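Shown next: start05.txt, containing compact mmCIF, C-alpha atoms and all ligand atoms.
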```txt
# COMPACT_ATOMS: atom_id res chain seq x y z
CA MET A 112 0.00 0.00 0.00
CA THR A 113 1.24 3.50 -0.81
CA ASN A 114 2.17 5.67 2.15
CA THR A 115 -1.06 7.14 3.48
CA GLU A 116 0.32 9.22 6.36
CA ASN A 117 -0.06 12.51 4.55
CA THR A 118 -3.48 11.78 3.18
CA ILE A 119 -7.08 12.02 4.32
CA LEU A 120 -8.38 8.48 4.84
CA ILE A 121 -11.84 7.88 3.37
CA ALA A 122 -13.73 4.74 4.42
CA GLY A 123 -16.04 3.60 1.60
CA GLY A 124 -15.92 4.17 -2.15
CA GLY A 125 -19.58 4.76 -3.00
CA ILE A 126 -20.91 7.97 -4.53
CA GLY A 127 -20.18 9.83 -1.29
CA GLY A 128 -16.64 8.53 -0.76
CA LEU A 129 -15.52 9.18 -4.34
CA ALA A 130 -17.10 12.66 -4.40
CA THR A 131 -15.31 13.40 -1.12
CA ALA A 132 -11.95 12.37 -2.61
CA LEU A 133 -12.53 14.73 -5.56
CA ALA A 134 -13.64 17.51 -3.20
CA ALA A 135 -10.54 17.06 -1.02
CA ALA A 136 -8.33 17.16 -4.12
CA GLN A 137 -9.95 20.43 -5.17
CA ALA A 138 -8.99 21.80 -1.77
CA GLY A 139 -5.39 20.63 -2.34
CA HIS A 140 -5.50 17.54 -0.05
CA ALA A 141 -4.34 14.05 -1.02
CA SER A 142 -6.66 11.22 0.00
CA SER A 143 -6.79 7.41 0.18
CA VAL A 144 -10.14 5.68 -0.39
CA PHE A 145 -10.73 2.22 1.14
CA GLU A 146 -13.53 0.09 -0.28
CA GLN A 147 -14.60 -3.27 1.14
CA ALA A 148 -15.67 -4.78 -2.19
CA PRO A 149 -13.18 -6.44 -4.58
CA GLN A 150 -14.11 -3.78 -7.16
CA PHE A 151 -15.54 -0.27 -7.02
CA GLY A 152 -19.11 -0.33 -8.32
CA GLU A 153 -22.82 0.33 -7.84
CA VAL A 154 -26.04 -1.69 -8.03
CA GLY A 155 -27.87 -2.11 -11.33
CA ALA A 156 -30.59 0.49 -10.93
CA GLY A 157 -31.31 4.13 -11.65
CA ILE A 158 -30.75 7.26 -9.58
CA GLN A 159 -32.34 10.71 -9.73
CA MET A 160 -30.07 13.72 -9.45
CA ALA A 161 -31.90 16.94 -8.62
CA PRO A 162 -30.40 20.38 -9.42
CA ASN A 163 -28.70 20.56 -6.01
CA ALA A 164 -26.68 17.49 -7.08
CA MET A 165 -26.02 18.79 -10.58
CA ALA A 166 -24.47 21.88 -9.07
CA VAL A 167 -21.96 19.77 -7.12
CA LEU A 168 -21.20 17.45 -10.05
CA THR A 169 -20.47 20.56 -12.13
CA ARG A 170 -18.20 21.90 -9.42
CA LEU A 171 -16.35 18.56 -9.23
CA GLY A 172 -15.80 18.70 -12.99
CA VAL A 173 -17.75 15.52 -13.84
CA ALA A 174 -21.14 16.87 -14.96
CA ASP A 175 -20.36 16.87 -18.71
CA ARG A 176 -19.04 13.32 -18.59
CA ILE A 177 -22.13 12.15 -16.69
CA ALA A 178 -24.54 14.05 -18.94
CA GLU A 179 -23.43 11.90 -21.89
CA PHE A 180 -25.17 8.90 -20.29
CA ALA A 181 -28.07 10.67 -18.61
CA VAL A 182 -31.66 11.50 -19.45
CA PHE A 183 -33.09 14.95 -18.73
CA PRO A 184 -36.81 14.44 -18.03
CA LYS A 185 -39.38 17.14 -18.66
CA ARG A 186 -41.67 16.40 -15.69
CA LEU A 187 -41.93 14.64 -12.33
CA VAL A 188 -45.41 13.12 -12.30
CA LEU A 189 -47.49 11.56 -9.53
CA LYS A 190 -50.22 9.15 -10.63
CA ASP A 191 -52.77 7.08 -8.75
CA ALA A 192 -51.56 3.46 -8.88
CA PHE A 193 -55.12 2.12 -9.08
CA THR A 194 -57.10 4.59 -11.21
CA GLY A 195 -54.16 5.76 -13.35
CA GLU A 196 -55.26 9.40 -12.81
CA GLU A 197 -52.50 12.00 -13.02
CA LEU A 198 -52.62 13.70 -9.62
CA THR A 199 -49.94 16.35 -9.99
CA ALA A 200 -46.71 17.16 -11.82
CA LEU A 201 -43.62 19.31 -11.42
CA ASP A 202 -42.48 20.98 -14.62
CA LEU A 203 -38.72 20.54 -15.10
CA GLY A 204 -38.49 22.87 -18.12
CA ASP A 205 -36.82 26.27 -18.57
CA GLU A 206 -38.49 27.96 -15.60
CA PHE A 207 -37.30 25.17 -13.29
CA LYS A 208 -33.75 25.24 -14.68
CA GLU A 209 -33.56 28.99 -14.37
CA ARG A 210 -34.86 28.93 -10.82
CA TYR A 211 -32.46 26.26 -9.56
CA GLY A 212 -29.56 26.95 -11.90
CA PHE A 213 -29.27 23.36 -13.12
CA PRO A 214 -31.47 20.70 -14.74
CA TYR A 215 -32.98 17.55 -13.18
CA MET A 216 -31.21 14.41 -14.39
CA VAL A 217 -31.85 10.66 -14.15
CA LEU A 218 -29.26 8.03 -14.92
CA HIS A 219 -27.95 4.56 -14.26
CA ARG A 220 -26.10 4.37 -10.95
CA SER A 221 -23.13 2.66 -12.55
CA ASP A 222 -22.78 5.53 -15.07
CA LEU A 223 -22.65 8.05 -12.22
CA HIS A 224 -20.31 5.96 -10.11
CA ARG A 225 -17.99 5.11 -13.02
CA SER A 226 -17.67 8.78 -13.98
CA LEU A 227 -16.69 9.68 -10.43
CA LEU A 228 -14.29 6.72 -10.31
CA GLU A 229 -12.60 7.69 -13.59
CA ALA A 230 -12.15 11.24 -12.32
CA CYS A 231 -10.56 9.84 -9.13
CA GLU A 232 -8.30 7.45 -11.08
CA SER A 233 -6.93 10.28 -13.18
CA ASN A 234 -6.28 12.53 -10.18
CA PRO A 235 -2.73 12.18 -8.80
CA LEU A 236 -3.88 13.28 -5.33
CA ILE A 237 -6.22 10.26 -4.95
CA SER A 238 -5.22 6.66 -4.24
CA LEU A 239 -7.84 3.91 -4.39
CA HIS A 240 -7.82 0.62 -2.48
CA THR A 241 -10.26 -2.31 -2.74
CA ASN A 242 -10.75 -5.45 -0.59
CA THR A 243 -10.33 -3.33 2.54
CA THR A 244 -13.06 -3.58 5.14
CA ILE A 245 -12.79 -0.82 7.70
CA THR A 246 -13.76 -2.09 11.12
CA ALA A 247 -13.11 1.06 13.16
CA ALA A 248 -11.54 4.51 13.30
CA GLU A 249 -9.36 5.80 16.10
CA GLU A 250 -7.55 8.95 17.15
CA ASN A 251 -4.86 8.93 19.85
CA GLU A 252 -1.59 10.67 20.72
CA ASP A 253 0.11 8.89 17.78
CA GLY A 254 -2.35 10.21 15.21
CA VAL A 255 -5.52 9.29 13.30
CA PHE A 256 -6.13 5.75 12.05
CA LEU A 257 -8.48 3.45 10.21
CA ILE A 258 -8.38 -0.20 11.22
CA ASN A 259 -8.90 -2.88 8.56
CA GLN A 260 -10.19 -6.47 8.66
CA HIS A 261 -6.68 -7.77 9.45
CA ASP A 262 -6.50 -5.49 12.47
CA GLU A 263 -3.89 -3.38 10.72
CA LYS A 264 -3.77 0.31 11.51
CA ILE A 265 -3.71 2.68 8.56
CA LYS A 266 -2.38 6.10 9.52
CA GLY A 267 -3.54 9.36 7.97
CA LYS A 268 -4.04 13.08 8.59
CA ALA A 269 -7.78 12.78 9.06
CA VAL A 270 -10.62 10.28 8.62
CA ILE A 271 -13.90 10.68 6.75
CA GLY A 272 -16.39 7.83 7.21
CA ALA A 273 -18.30 7.39 3.94
CA ASP A 274 -19.10 3.74 4.64
CA GLY A 275 -22.86 3.88 4.15
CA ILE A 276 -25.84 3.17 6.39
CA LYS A 277 -24.08 0.28 8.19
CA SER A 278 -21.04 2.49 8.87
CA ASN A 279 -18.43 1.20 11.29
CA VAL A 280 -16.91 4.67 11.65
CA ARG A 281 -20.29 5.94 12.88
CA LYS A 282 -19.94 3.76 15.98
CA LEU A 283 -17.58 6.42 17.35
CA PHE A 284 -20.51 8.82 17.52
CA ALA A 285 -23.71 6.83 17.98
CA GLN A 286 -24.79 3.39 19.13
CA ASP A 287 -28.13 3.70 17.37
CA ASP A 288 -29.82 0.91 15.42
CA MET A 289 -31.01 1.17 11.85
CA VAL A 290 -34.79 1.70 11.75
CA ASN A 291 -36.68 -0.85 9.66
CA SER A 292 -39.56 0.87 7.83
CA ALA A 293 -41.31 -2.46 7.08
CA TYR A 294 -41.14 -1.42 3.40
CA VAL A 295 -39.17 -3.30 0.77
CA ALA A 296 -38.01 -2.30 -2.70
CA TYR A 297 -37.51 -4.41 -5.78
CA ARG A 298 -35.63 -2.59 -8.52
CA GLY A 299 -33.75 -2.88 -11.76
CA THR A 300 -33.48 -1.80 -15.37
CA ILE A 301 -34.81 -3.48 -18.50
CA PRO A 302 -34.01 -2.83 -22.19
CA ILE A 303 -36.32 -0.07 -23.39
CA GLU A 304 -37.63 -2.28 -26.25
CA GLU A 305 -39.28 -4.57 -23.69
CA ILE A 306 -41.62 -1.88 -22.48
CA SER A 307 -41.37 0.77 -25.21
CA GLU A 308 -45.08 1.19 -25.89
CA ASP A 309 -45.70 1.95 -22.19
CA ALA A 310 -42.52 3.88 -21.37
CA GLU A 311 -43.04 7.61 -20.84
CA MET A 312 -39.68 8.84 -22.05
CA ASP A 313 -40.16 12.45 -20.94
CA ASP A 314 -41.37 11.79 -17.39
CA VAL A 315 -40.23 10.46 -14.06
CA ILE A 316 -43.41 8.73 -12.94
CA MET A 317 -44.32 7.84 -9.40
CA TRP A 318 -47.46 5.70 -9.09
CA ILE A 319 -48.75 6.04 -5.55
CA GLY A 320 -51.27 4.15 -3.43
CA PRO A 321 -51.94 2.93 0.11
CA ASN A 322 -48.71 1.45 1.49
CA LEU A 323 -47.09 1.27 -1.95
CA HIS A 324 -45.50 3.10 -4.86
CA VAL A 325 -43.75 2.40 -8.15
CA VAL A 326 -41.16 4.67 -9.78
CA GLN A 327 -40.34 4.54 -13.48
CA TYR A 328 -37.95 6.50 -15.67
CA PRO A 329 -35.57 5.98 -18.61
CA VAL A 330 -31.80 5.89 -18.07
CA ARG A 331 -28.63 5.51 -20.18
CA ARG A 332 -29.59 7.90 -22.99
CA GLY A 333 -33.02 6.25 -23.07
CA GLU A 334 -31.69 2.75 -23.82
CA LEU A 335 -32.85 1.29 -20.49
CA TYR A 336 -35.97 1.72 -18.38
CA ASN A 337 -35.56 1.86 -14.59
CA GLN A 338 -38.29 0.55 -12.33
CA VAL A 339 -38.60 0.50 -8.54
CA VAL A 340 -41.48 -1.27 -6.81
CA VAL A 341 -41.93 -0.41 -3.13
CA PHE A 342 -44.50 -1.67 -0.63
CA LYS A 343 -45.13 -2.19 3.05
CA SER A 344 -45.07 -5.79 4.12
CA PRO A 345 -48.39 -6.79 5.71
CA THR A 346 -46.60 -9.42 7.83
CA TYR A 347 -43.45 -7.62 8.99
CA THR A 348 -42.51 -7.90 12.65
CA SER A 349 -39.10 -7.32 14.20
CA GLU A 350 -38.72 -11.10 14.45
CA SER A 351 -39.85 -12.01 10.94
CA VAL A 352 -37.40 -13.25 8.34
CA GLU A 353 -39.70 -14.01 5.41
CA TRP A 354 -41.40 -10.70 4.73
CA GLY A 355 -41.83 -8.41 1.76
CA THR A 356 -41.89 -11.44 -0.56
CA PRO A 357 -43.05 -11.42 -4.23
CA GLU A 358 -46.25 -13.14 -3.03
CA GLU A 359 -46.92 -10.20 -0.71
CA MET A 360 -46.20 -7.84 -3.59
CA ALA A 361 -48.95 -9.51 -5.64
CA GLN A 362 -51.33 -9.22 -2.68
CA VAL A 363 -50.60 -5.53 -1.94
CA PHE A 364 -50.87 -4.48 -5.61
CA GLU A 365 -54.01 -6.50 -6.37
CA GLY A 366 -56.37 -4.46 -8.57
CA CYS A 367 -53.73 -1.89 -9.59
CA HIS A 368 -53.76 -0.09 -12.95
CA SER A 369 -52.74 -2.21 -15.96
CA LYS A 370 -49.54 -0.15 -16.48
CA VAL A 371 -48.51 -0.78 -12.89
CA GLU A 372 -49.33 -4.46 -13.32
CA LYS A 373 -47.07 -4.50 -16.36
CA ALA A 374 -44.30 -2.81 -14.39
CA LEU A 375 -44.55 -5.56 -11.76
CA SER A 376 -44.33 -8.25 -14.41
CA PHE A 377 -40.93 -6.91 -15.50
CA ILE A 378 -39.42 -6.37 -12.08
CA ASN A 379 -36.58 -8.64 -10.97
CA LYS A 380 -38.00 -10.52 -7.96
CA GLN A 381 -34.71 -12.17 -6.98
CA ILE A 382 -33.32 -9.36 -4.85
CA ARG A 383 -35.33 -7.75 -2.08
CA TRP A 384 -34.11 -4.49 -0.56
CA PRO A 385 -35.51 -3.82 2.94
CA MET A 386 -35.78 -0.07 3.48
CA TYR A 387 -33.99 1.36 6.51
CA ASP A 388 -33.10 4.79 7.79
CA ARG A 389 -31.81 6.20 11.08
CA LEU A 390 -32.83 9.12 13.22
CA PRO A 391 -30.75 12.30 12.87
CA ILE A 392 -27.87 12.63 15.35
CA ASP A 393 -26.54 15.89 16.76
CA ASN A 394 -22.84 15.14 16.46
CA TRP A 395 -20.80 13.23 13.90
CA THR A 396 -17.41 14.90 14.34
CA LYS A 397 -14.64 14.32 16.86
CA GLY A 398 -11.15 15.76 16.46
CA ASN A 399 -9.88 14.85 13.00
CA ILE A 400 -12.65 12.33 12.29
CA THR A 401 -16.02 12.98 10.65
CA LEU A 402 -18.80 11.26 8.72
CA MET A 403 -20.58 12.06 5.46
CA GLY A 404 -23.33 10.64 3.21
CA ASP A 405 -25.40 7.70 4.41
CA ALA A 406 -22.91 7.03 7.21
CA ALA A 407 -23.92 10.38 8.72
CA HIS A 408 -27.58 10.80 7.73
CA PRO A 409 -29.20 7.76 6.06
CA MET A 410 -32.72 8.48 4.88
CA LEU A 411 -35.64 6.76 3.21
CA GLN A 412 -35.42 7.25 -0.55
CA TYR A 413 -38.81 8.93 -1.04
CA LEU A 414 -37.41 12.38 -1.88
CA ALA A 415 -34.64 10.84 -4.05
CA GLN A 416 -32.09 12.82 -2.02
CA GLY A 417 -29.76 10.38 -0.20
CA GLY A 418 -27.07 10.49 -2.88
CA VAL A 419 -27.75 14.17 -3.52
CA GLN A 420 -27.16 15.02 0.13
CA ALA A 421 -23.90 13.04 0.03
CA LEU A 422 -22.86 15.29 -2.87
CA GLU A 423 -23.88 18.43 -0.97
CA ASP A 424 -21.72 17.14 1.91
CA ALA A 425 -18.78 16.76 -0.47
CA ALA A 426 -19.19 20.36 -1.65
CA LYS A 427 -19.17 21.65 1.92
CA LEU A 428 -16.13 19.49 2.71
CA ALA A 429 -14.33 21.10 -0.24
CA ASP A 430 -15.07 24.52 1.25
CA VAL A 431 -13.99 23.77 4.81
CA LEU A 432 -10.88 21.83 3.78
CA ALA A 433 -9.81 24.75 1.59
CA ALA A 434 -10.53 27.27 4.34
CA HIS A 435 -8.85 25.49 7.28
CA GLY A 436 -5.78 23.83 5.71
CA ASP A 437 -4.55 21.08 8.04
CA ASN A 438 -6.74 22.19 10.95
CA PHE A 439 -9.18 19.34 10.38
CA GLU A 440 -10.84 19.73 13.74
CA ALA A 441 -11.96 23.25 12.84
CA ALA A 442 -12.88 22.19 9.30
CA PHE A 443 -15.04 19.26 10.42
CA LYS A 444 -16.75 21.32 13.13
CA GLU A 445 -17.78 23.92 10.58
CA PHE A 446 -18.83 21.13 8.22
CA GLN A 447 -21.22 19.53 10.69
CA GLU A 448 -22.57 22.83 11.96
CA GLU A 449 -23.91 23.53 8.53
CA ARG A 450 -24.74 20.03 7.39
CA ILE A 451 -26.54 18.55 10.42
CA PRO A 452 -29.60 20.86 10.37
CA ARG A 453 -29.91 20.61 6.62
CA THR A 454 -29.61 16.82 6.37
CA ALA A 455 -31.80 16.24 9.44
CA ARG A 456 -34.54 18.22 7.74
CA VAL A 457 -34.22 16.12 4.58
CA GLN A 458 -34.22 12.88 6.63
CA THR A 459 -37.38 13.78 8.54
CA THR A 460 -39.16 15.23 5.51
CA ALA A 461 -38.44 12.04 3.56
CA ARG A 462 -40.32 10.09 6.23
CA GLN A 463 -43.23 12.57 6.17
CA TRP A 464 -43.42 12.48 2.38
CA GLY A 465 -43.57 8.69 2.62
CA GLU A 466 -46.60 8.98 4.90
CA ILE A 467 -48.30 11.34 2.44
CA ILE A 468 -47.79 9.26 -0.68
CA HIS A 469 -48.55 5.97 1.11
CA ALA A 470 -51.63 7.27 2.97
CA ILE A 471 -54.30 4.65 3.67
CA ASP A 472 -57.09 6.70 5.25
CA PRO A 473 -59.68 7.72 2.59
CA ILE A 474 -60.17 11.22 4.02
CA THR A 475 -56.43 11.90 4.05
CA ILE A 476 -56.19 10.60 0.48
CA ALA A 477 -59.09 12.82 -0.66
CA LEU A 478 -57.57 15.93 0.96
CA ARG A 479 -54.11 15.12 -0.41
CA ASN A 480 -55.41 14.57 -3.93
CA ASP A 481 -57.39 17.80 -3.75
CA ILE A 482 -54.21 19.73 -2.95
CA PHE A 483 -52.24 17.82 -5.57
CA THR A 484 -54.71 18.33 -8.40
CA LYS A 485 -55.11 22.07 -7.70
CA ARG A 486 -51.44 23.02 -7.71
CA PRO A 487 -49.97 24.16 -11.04
CA ALA A 488 -46.96 22.29 -12.43
CA ASN A 489 -44.82 25.41 -12.08
CA ASP A 490 -45.58 25.88 -8.39
CA PHE A 491 -42.11 25.53 -6.88
CA SER A 492 -43.04 26.51 -3.35
CA TYR A 493 -42.66 22.93 -2.07
CA THR A 494 -39.27 22.34 -3.68
CA ASP A 495 -37.43 25.64 -3.15
CA TRP A 496 -36.01 24.60 0.23
CA LEU A 497 -34.72 21.36 -1.23
CA TYR A 498 -33.47 22.07 -4.74
CA GLY A 499 -32.63 25.73 -4.21
CA HIS A 500 -30.44 25.17 -1.18
CA LYS A 501 -27.43 27.50 -1.01
CA ARG A 502 -26.55 27.70 -4.63
CA SER A 503 -23.38 29.53 -3.63
CA LEU A 504 -22.21 26.49 -1.64
CA VAL A 505 -22.33 24.19 -4.57
CA THR A 506 -21.23 26.43 -7.40
CA GLN A 507 -18.11 28.06 -6.02
C1 LIG B 1 -34.37 2.13 -3.64
C2 LIG B 1 -33.48 3.33 -3.46
C3 LIG B 1 -33.58 4.39 -4.34
C4 LIG B 1 -32.80 5.53 -4.16
N1 LIG B 1 -32.91 6.56 -5.05
C5 LIG B 1 -32.15 7.66 -4.90
C6 LIG B 1 -32.24 8.73 -5.84
O1 LIG B 1 -33.00 8.68 -6.81
N2 LIG B 1 -31.45 9.83 -5.63
C7 LIG B 1 -30.57 9.91 -4.58
O2 LIG B 1 -29.87 10.92 -4.46
N3 LIG B 1 -30.48 8.91 -3.68
C8 LIG B 1 -31.22 7.79 -3.82
N4 LIG B 1 -31.10 6.75 -2.93
C9 LIG B 1 -30.15 6.89 -1.82
C10 LIG B 1 -28.71 6.66 -2.26
O3 LIG B 1 -28.59 5.40 -2.90
C11 LIG B 1 -27.77 6.71 -1.08
O4 LIG B 1 -28.10 7.79 -0.25
C12 LIG B 1 -26.33 6.87 -1.55
O5 LIG B 1 -25.94 5.72 -2.25
C13 LIG B 1 -25.40 7.12 -0.36
O6 LIG B 1 -24.08 7.13 -0.82
P1 LIG B 1 -22.89 6.80 0.19
O7 LIG B 1 -21.65 6.82 -0.64
O8 LIG B 1 -22.99 7.69 1.37
O9 LIG B 1 -23.18 5.34 0.73
P2 LIG B 1 -23.22 3.96 -0.06
O10 LIG B 1 -23.80 4.13 -1.41
O11 LIG B 1 -23.84 2.97 0.84
O12 LIG B 1 -21.68 3.60 -0.25
C14 LIG B 1 -20.91 3.12 0.81
C15 LIG B 1 -19.70 2.43 0.23
O13 LIG B 1 -18.86 2.02 1.31
C16 LIG B 1 -18.56 0.66 1.19
N5 LIG B 1 -18.45 0.17 2.57
C17 LIG B 1 -19.44 -0.10 3.45
N6 LIG B 1 -18.95 -0.51 4.62
C18 LIG B 1 -17.61 -0.50 4.48
C19 LIG B 1 -16.53 -0.83 5.36
N7 LIG B 1 -16.77 -1.24 6.59
N8 LIG B 1 -15.27 -0.71 4.88
C20 LIG B 1 -15.03 -0.27 3.62
N9 LIG B 1 -16.01 0.03 2.74
C21 LIG B 1 -17.28 -0.08 3.18
C22 LIG B 1 -19.72 0.05 0.42
O14 LIG B 1 -19.34 -1.16 -0.22
C23 LIG B 1 -20.03 1.18 -0.56
O15 LIG B 1 -19.22 1.12 -1.70
C24 LIG B 1 -31.88 5.60 -3.09
C25 LIG B 1 -31.76 4.53 -2.20
C26 LIG B 1 -32.55 3.40 -2.39
C27 LIG B 1 -32.39 2.26 -1.44
```
Reformat the file's structure so that it appears as structure tokens.
Ligand SMILES: Cc1cc2nc3c(=O)[nH]c(=O)nc-3n(C[C@H](O)[C@H](O)[C@H](O)COP(=O)(O)OP(=O)(O)OC[C@H]3O[C@@H](n4cnc5c(N)ncnc54)[C@H](O)[C@@H]3O)c2cc1C
Amino acid sequence: MTNTENTILIAGGGIGGLATALAAAQAGHASSVFEQAPQFGEVGAGIQMAPNAMAVLTRLGVADRIAEFAVFPKRLVLKDAFTGEELTALDLGDEFKERYGFPYMVLHRSDLHRSLLEACESNPLISLHTNTTITAAEENEDGVFLINQHDEKIKGKAVIGADGIKSNVRKLFAQDDMVNSAYVAYRGTIPIEEISEDAEMDDVIMWIGPNLHVVQYPVRRGELYNQVVVFKSPTYTSESVEWGTPEEMAQVFEGCHSKVEKALSFINKQIRWPMYDRLPIDNWTKGNITLMGDAAHPMLQYLAQGGVQALEDAAKLADVLAAHGDNFEAAFKEFQEERIPRTARVQTTARQWGEIIHAIDPITIALRNDIFTKRPANDFSYTDWLYGHKRSLVTQ
């Protein structure tokens, strides 16, 4: 292994970890990224990148590369999963782009991750290491360390835990458990030809219903169609093992609209993703060690912001690392002071939005749909706080 002593050690090479390495390099710091998997990579599904992510990707110098593989949808649309009625839409056209400074983009996760990885590989300040499971982080009178699966200590200048929702670095700050939402997701992409007559190429569609939703959008220049099927298991308990099965999916979606039924028929039923988050914490920084991304603030995916918030974190890290030089303690304190309130709000709002779209009570549904159907597609009052956050932070 190359000498890491003069580098920032980053645990985890997902979207957050790689973006952090690029951000650190922009601030003039060398970094070493440690990934547990034998290869850097991402799962085979899509990801939405709102304008607040596009701003960071532009700043990190990877937006043009990523745009080559992306799709730029014209609308975000909510539809009733049973009647097929369009309930509301958000127009992503010129007014939206002007307001938030950047477009809304959807793409295959591997295209995003690969573009970040290639940028890291070609940056002399970044060294990348696979097959390294980080079990802990430590700071003592000898310095700052990551500890790997062989109990070896890796020394660095500072540590950033970007090791996802099951983060080991997080254990320094919180002993909290992941919260099981009792929802599961099934997801994947299919060749566009398989579903072409039903694919809405200009829209990101979210079909919503009691305890369920389905998301659909094209990715990879429109060559693939991404689908995510999400529902609450009727049998989940904290002891259950067999829950959220394909049989339950059929039961929960019984009577749904024919287009939703078709979506279900194409979904890969082999891999089940239980949906977890955690409650916000009020400290994730100690000395020269901090957290970012899902390690710091894992959220339910309903606002499509987990990865985006990891990118916002990276932008703020670039700022504080540039401002404080090798005073990492000061840098990380400033980082969390700004990022904790922001990410906590996104975490808690994601849960609330889940309750709204998954509502089961008929009166709540009627009131919700009344509000939805009355708002114009260019009403941005609900999204300003999210997509319009601190444009200066992410475009410096
Ligand atoms: C169904 C679903 C849909 C979603 N849709 C969106 C969306 O549209 N838009 C969006 O912005 N977000 C979305 N998200 C959230 C998004 O996927 C995450 O927030 C994002 O991946 C977080 O990035 P991260 O790098 O912090 O963590 P991760 O992606 O979890 O990456 C962590 C990395 O660290 C590695 N690692 C873990 N533990 C260790 C260890 N001990 N040692 C070394 N390496 C380790 C992992 O292998 C991985 O490579 C969605 C999530 C789900 C589940």
> A:Glu359, A:Asp175, A:Asp253, A:Pro162: which is nearest A:Glu209, counting all atoms listed in the file?
Replying inline: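 Using all atoms listed in the file, A:Glu209 sits closest to A:Pro162.
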> Which one of A:Leu133, A:Ile258, A:Val363, A:Val188 sits closest to ligand LIG 1 (chain B) if you count all atoms listed in the file?
Replying inline: A:Ile258
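Nearest to A:Gly128 of all the residues A:Gly272, A:Pro487, A:Asp309, A:His219 is A:Gly272, counting only C-alpha atoms.
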>> Neighbours of ligand LIG 1 (chain B) at 7 Å or closer, counting all atoms listed in the file: which residues, as a ChimeraX atom specification?
In response: /A:122-128,145-148,151-152,157-160,243-246,273-279,296,298,339,386,403-406,409-410,412,415-421
Take every atom of stretch 233-249 of chain A listed in the file, pad by 4 Å on each side, and give me the axis-aligned box centre and edge lengths in Å, one decimal, as AutoDock Vina command-line options.
```
--center_x -8.2 --center_y 3.9 --center_z 1.5 --size_x 19.0 --size_y 26.7 --size_z 37.3
```
> When you draw a straight line from atom CA of A:Asn322 to atom CA of A:Arg479, how long is it in Å?
Replying inline: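 Atom CA of A:Asn322 sits 14.8 Å away from atom CA of A:Arg479.
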> Of the candidates A:Asn337, A:Val280, A:Ile316, A:Asn242, which shows the shortest atom-to-atom distance to A:Arg220, using all atoms listed in the file?
Replying inline: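 Closest residue, counting all atoms listed in the file: A:Asn337.
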> Looking at all atoms listed in the file, which of A:Asp288, A:Glu249, A:Asp205, A:Glu116 is the one that sits closest to A:Tyr387?
Replying inline: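 When distances to A:Tyr387 are compared using all atoms listed in the file, the smallest one comes from A:Asp288.
Minimum atom-to-atom distances from A:Trp318, A:Tyr294, A:Ala248, A:Asn163 to A:Lys370 were compared using all atoms listed in the file, and the lowest value belongs to A:Trp318.
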>> Quick check, in Å to one decimal: how far apart do atom CA of A:Glu449 and atom CA of A:Asn117 lie?
In response: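 Separation between atom CA of A:Glu449 and atom CA of A:Asn117: 26.6 Å.
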